[in-house]
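Everything below belongs to target_12.txt, which stores compact mmCIF, C-alpha atoms.
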```txt
# COMPACT_ATOMS: atom_id res chain seq x y z
CA MET Y 1 51.66 202.78 -79.67
CA ARG Y 2 53.90 200.68 -81.92
CA LEU Y 3 56.38 198.18 -80.51
CA PHE Y 4 59.56 199.95 -81.73
CA GLU Y 5 58.22 203.53 -81.73
CA GLY Y 6 60.95 206.02 -80.92
CA THR Y 7 63.80 203.49 -81.22
CA PRO Y 8 66.36 203.27 -84.05
CA PHE Y 9 64.42 200.27 -85.41
CA ASP Y 10 61.35 202.48 -85.98
CA ARG Y 11 63.21 204.59 -88.54
CA PRO Y 12 64.04 203.32 -92.03
CA LEU Y 13 67.70 202.46 -92.67
CA ARG Y 14 69.78 205.13 -94.36
CA CYS Y 15 73.09 205.03 -96.25
CA GLU Y 16 76.10 205.96 -94.12
CA PHE Y 17 77.69 207.95 -96.96
CA CYS Y 18 74.91 209.88 -98.74
CA GLY Y 19 72.12 209.80 -96.12
CA GLU Y 20 69.49 208.53 -98.59
CA LEU Y 21 67.14 205.66 -97.80
CA ASP Y 22 68.79 202.30 -98.46
CA GLU Y 23 66.30 201.53 -101.25
CA GLN Y 24 67.10 204.84 -103.02
CA CYS Y 25 70.87 204.91 -102.40
CA THR Y 26 73.07 204.96 -105.51
CA CYS Y 27 76.43 204.63 -103.71
CA GLU Y 28 78.65 201.79 -104.87
CA PRO Y 29 79.20 199.09 -102.24
CA GLU Y 30 82.56 199.29 -100.55
CA THR Y 31 84.93 196.64 -101.91
CA PRO Y 32 87.05 194.84 -99.33
CA ARG Y 33 90.75 195.54 -99.61
CA LEU Y 34 92.68 192.31 -99.95
CA THR Y 35 96.31 192.07 -98.93
CA GLU Y 36 98.66 190.76 -101.57
CA PRO Y 37 99.83 187.16 -101.01
CA GLU Y 38 103.49 188.24 -101.21
CA LYS Y 39 103.05 190.24 -97.99
CA GLN Y 40 101.57 187.34 -95.99
CA THR Y 41 103.04 184.25 -94.39
CA ALA Y 42 101.03 181.06 -94.09
CA SER Y 43 101.95 178.66 -91.32
CA LEU Y 44 101.48 174.99 -92.27
CA SER Y 45 101.22 172.03 -89.95
CA ILE Y 46 99.75 168.55 -89.76
CA GLU Y 47 97.49 167.80 -86.82
CA LYS Y 48 95.75 164.71 -85.58
CA ARG Y 49 91.98 164.65 -85.17
CA LYS Y 50 89.50 162.14 -83.82
CA LYS Y 51 90.19 158.49 -84.52
CA GLY Y 52 93.73 159.23 -85.71
CA LYS Y 53 92.71 161.21 -88.80
CA LEU Y 54 95.32 163.64 -90.10
CA VAL Y 55 94.54 167.13 -91.37
CA THR Y 56 96.77 169.75 -92.95
CA VAL Y 57 96.20 173.07 -91.18
CA ILE Y 58 96.92 176.50 -92.71
CA ARG Y 59 97.10 179.36 -90.19
CA GLY Y 60 98.24 182.96 -90.23
CA LEU Y 61 96.01 184.30 -93.01
CA ALA Y 62 93.59 187.01 -91.85
CA ALA Y 63 89.99 186.42 -92.93
CA THR Y 64 89.40 190.13 -93.55
CA GLU Y 65 92.43 190.44 -95.85
CA ASN Y 66 91.90 187.28 -97.94
CA ASP Y 67 89.23 185.46 -99.88
CA LEU Y 68 89.59 182.33 -97.74
CA PRO Y 69 86.67 180.35 -99.28
CA ALA Y 70 88.20 180.72 -102.76
CA LEU Y 71 91.67 179.82 -101.44
CA LEU Y 72 90.28 176.73 -99.69
CA LEU Y 73 88.59 175.64 -102.91
CA LYS Y 74 91.91 175.91 -104.80
CA LEU Y 75 93.73 173.89 -102.14
CA LYS Y 76 91.08 171.18 -101.97
CA THR Y 77 91.16 170.87 -105.77
CA ALA Y 78 94.96 170.67 -105.79
CA CYS Y 79 94.98 167.97 -103.10
CA GLY Y 80 91.92 166.05 -104.26
CA ALA Y 81 90.57 166.13 -100.72
CA GLY Y 82 87.88 167.70 -98.60
CA GLY Y 83 88.40 170.52 -96.20
CA THR Y 84 86.80 173.21 -94.11
CA LEU Y 85 87.17 176.82 -93.13
CA LYS Y 86 87.29 177.28 -89.36
CA ASP Y 87 87.39 180.61 -87.47
CA ASP Y 88 90.88 181.75 -88.40
CA PHE Y 89 92.40 178.78 -90.23
CA LEU Y 90 91.87 176.35 -93.10
CA GLU Y 91 91.86 172.56 -92.82
CA VAL Y 92 92.46 170.11 -95.68
CA GLN Y 93 91.72 166.48 -94.92
CA GLY Y 94 94.77 164.23 -95.02
CA SER Y 95 98.50 164.73 -94.95
CA HIS Y 96 99.01 167.09 -97.91
CA LEU Y 97 101.76 169.34 -96.57
CA ASP Y 98 103.87 169.28 -99.75
CA ARG Y 99 100.95 169.85 -102.14
CA VAL Y 100 99.53 172.69 -100.05
CA LYS Y 101 102.98 174.28 -99.77
CA GLU Y 102 103.50 174.05 -103.52
CA SER Y 103 100.06 175.52 -104.28
CA LEU Y 104 100.46 178.42 -101.86
CA GLU Y 105 103.94 179.23 -103.16
CA LYS Y 106 102.58 179.21 -106.72
CA ILE Y 107 99.96 181.79 -105.67
CA GLY Y 108 102.68 183.87 -103.99
CA TYR Y 109 102.34 183.26 -100.23
CA ARG Y 110 105.39 182.90 -98.01
CA ILE Y 111 105.42 179.62 -96.08
CA SER Y 112 106.56 178.60 -92.62
CA LYS Y 113 106.26 174.96 -91.60
CA ARG Y 114 105.56 174.15 -87.98
CA GLY Y 115 105.54 170.40 -88.34
CA SER Y 116 106.31 168.08 -91.19
CA SER Y 117 104.95 164.69 -92.10
CA GLN Y 118 108.37 163.14 -91.43
CA ASN Y 119 108.33 164.50 -87.86
CA LEU Y 120 104.81 163.16 -87.34
CA MET Y 121 105.75 159.71 -88.63
CA ALA Y 122 108.86 159.69 -86.41
CA LYS Y 123 106.74 160.57 -83.36
CA ARG Y 124 104.27 157.82 -84.24
CA LYS Y 125 107.13 155.29 -84.60
CA ARG Y 126 108.64 156.32 -81.23
CA ALA Y 127 105.24 155.98 -79.55
CA THR Y 128 104.81 152.44 -80.87
CA ASP Y 129 108.37 151.54 -79.81
CA VAL Y 130 107.77 152.79 -76.28
CA HIS Y 131 104.58 150.78 -75.88
CA GLY Y 132 106.07 147.65 -77.42
CA LEU Y 133 103.77 147.72 -80.41
CA ASN Y 134 106.51 147.83 -83.04
CA THR Y 135 105.69 145.23 -85.69
CA ASP Y 136 108.91 145.69 -87.68
CA GLN Y 137 110.67 142.91 -85.75
```
Using the file provided, produce a representation of the structure as structure tokens.
Amino acid sequence: MRLFEGTPFDRPLRCEFCGELDEQCTCEPETPRLTEPEKQTASLSIEKRKKGKLVTVIRGLAATENDLPALLLKLKTACGAGGTLKDDFLEVQGSHLDRVKESLEKIGYRISKRGSSQNLMAKRKRATDVHGLNTDQ
């Protein structure tokens, strides 16, 4: 008796559309349908990471409806920075809100900003004022 005898793993894989063996199937692979950038809104924000590092975060773009690796590559090139693709969002290292916004608008995405670099700098200044660390005096 074989290990997988009588289970679905014992049978060779077949095409879902034509029923032929996968090796003999002539069906064209299904192309993913991408949503046009004009119909999507990207949400931009700047977040703080470990050791005070800033990253520009792009949310709101569905992974199944976009080519996120290609988009990330364009953004990293435009900003001259590194970045990564997380579960459902993109990160570009550094505070590049304006460059990312400009690049996405050029491609055709609608933009909503959740936080700007001016707000972040104002928060940082208030925090140093509260703790008496202001060096401007």
For CA of Pro29 (chain Y) and CA of Leu61 (chain Y), the interatomic separation in Å (one decimal):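 Between these atoms lies a distance of 24.2 Å.
Ranking Y:Leu71, Y:Cys27, Y:Ile107, Y:Leu13 by their shortest atom-to-atom distance to Val92 (chain Y), with all atoms listed in the file included, puts Y:Leu71 first.
Minimum atom-to-atom distance to Ile111 (chain Y), evaluated using all atoms listed in the file, belongs to Y:Lys39 out of Y:Arg14, Y:Lys53, Y:Lys39, Y:Lys74.
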Give me, as a Markdown table, the closest atom pair and its distance (Å, one decimal) for every residue of region 61-123 of chain Y within a cut-off of 12 Å of region 49-52 of chain Y, counting only C-alpha atoms, rows sorted by chain and rising number.
```
| residue | atom | partner | partner_atom | distance |
| --- | --- | --- | --- | --- |
| Y:Glu91 | CA | Y:Arg49 | CA | 11.0 |
| Y:Val92 | CA | Y:Arg49 | CA | 11.9 |
| Y:Gln93 | CA | Y:Arg49 | CA | 9.9 |
| Y:Gly94 | CA | Y:Arg49 | CA | 10.2 |
| Y:Ser95 | CA | Y:Arg49 | CA | 11.8 |
| Y:Leu120 | CA | Y:Gly52 | CA | 11.9 |
```
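In this structure, CA of Glu36 (chain Y) sits 14.5 Å away from CA of Ala70 (chain Y).
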Using all atoms listed in the file, find the one residue out of Y:Gly83, Y:Gly6, Y:Gly108, Y:Gly19 that sits nearest to Val55 (chain Y).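 Counting all atoms listed in the file, the residue closest to Val55 (chain Y) is Y:Gly83.
Those residues positioned at most 12 Å from (90.9, 188.6, -103.7) are Thr31, Pro32, Arg33, Leu34, Thr35, Glu36, Pro37, Ala63, Thr64, Glu65, Asn66, Asp67, Leu68, Pro69, Ala70, Leu71 and Ile107 of chain Y, judged using only C-alpha atoms.
Interatomic distance, CA of Phe4 (chain Y) to CA of Cys25 (chain Y): 24.1 Å.
Protein and nucleic acid residues near (105.1, 173.0, -94.7) are Leu44, Ser45, Leu97, Asp98, Lys101, Ile111, Ser112, Lys113, Arg114, Gly115 and Ser116 of chain Y, the criterion being any atom at most 7 Å away using only C-alpha atoms.
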Output C-alpha atoms of each residue in that selection to a file, as a PDB file, keeping the file's coordinate frame.
```pdb
ATOM      1  CA  LEU Y  44     101.480 174.990 -92.270  1.00  0.00           C
ATOM      2  CA  SER Y  45     101.220 172.030 -89.950  1.00  0.00           C
ATOM      3  CA  LEU Y  97     101.760 169.340 -96.570  1.00  0.00           C
ATOM      4  CA  ASP Y  98     103.870 169.280 -99.750  1.00  0.00           C
ATOM      5  CA  LYS Y 101     102.980 174.280 -99.770  1.00  0.00           C
ATOM      6  CA  ILE Y 111     105.420 179.620 -96.080  1.00  0.00           C
ATOM      7  CA  SER Y 112     106.560 178.600 -92.620  1.00  0.00           C
ATOM      8  CA  LYS Y 113     106.260 174.960 -91.600  1.00  0.00           C
ATOM      9  CA  ARG Y 114     105.560 174.150 -87.980  1.00  0.00           C
ATOM     10  CA  GLY Y 115     105.540 170.400 -88.340  1.00  0.00           C
ATOM     11  CA  SER Y 116     106.310 168.080 -91.190  1.00  0.00           C
TER      12      SER Y 116
END
```
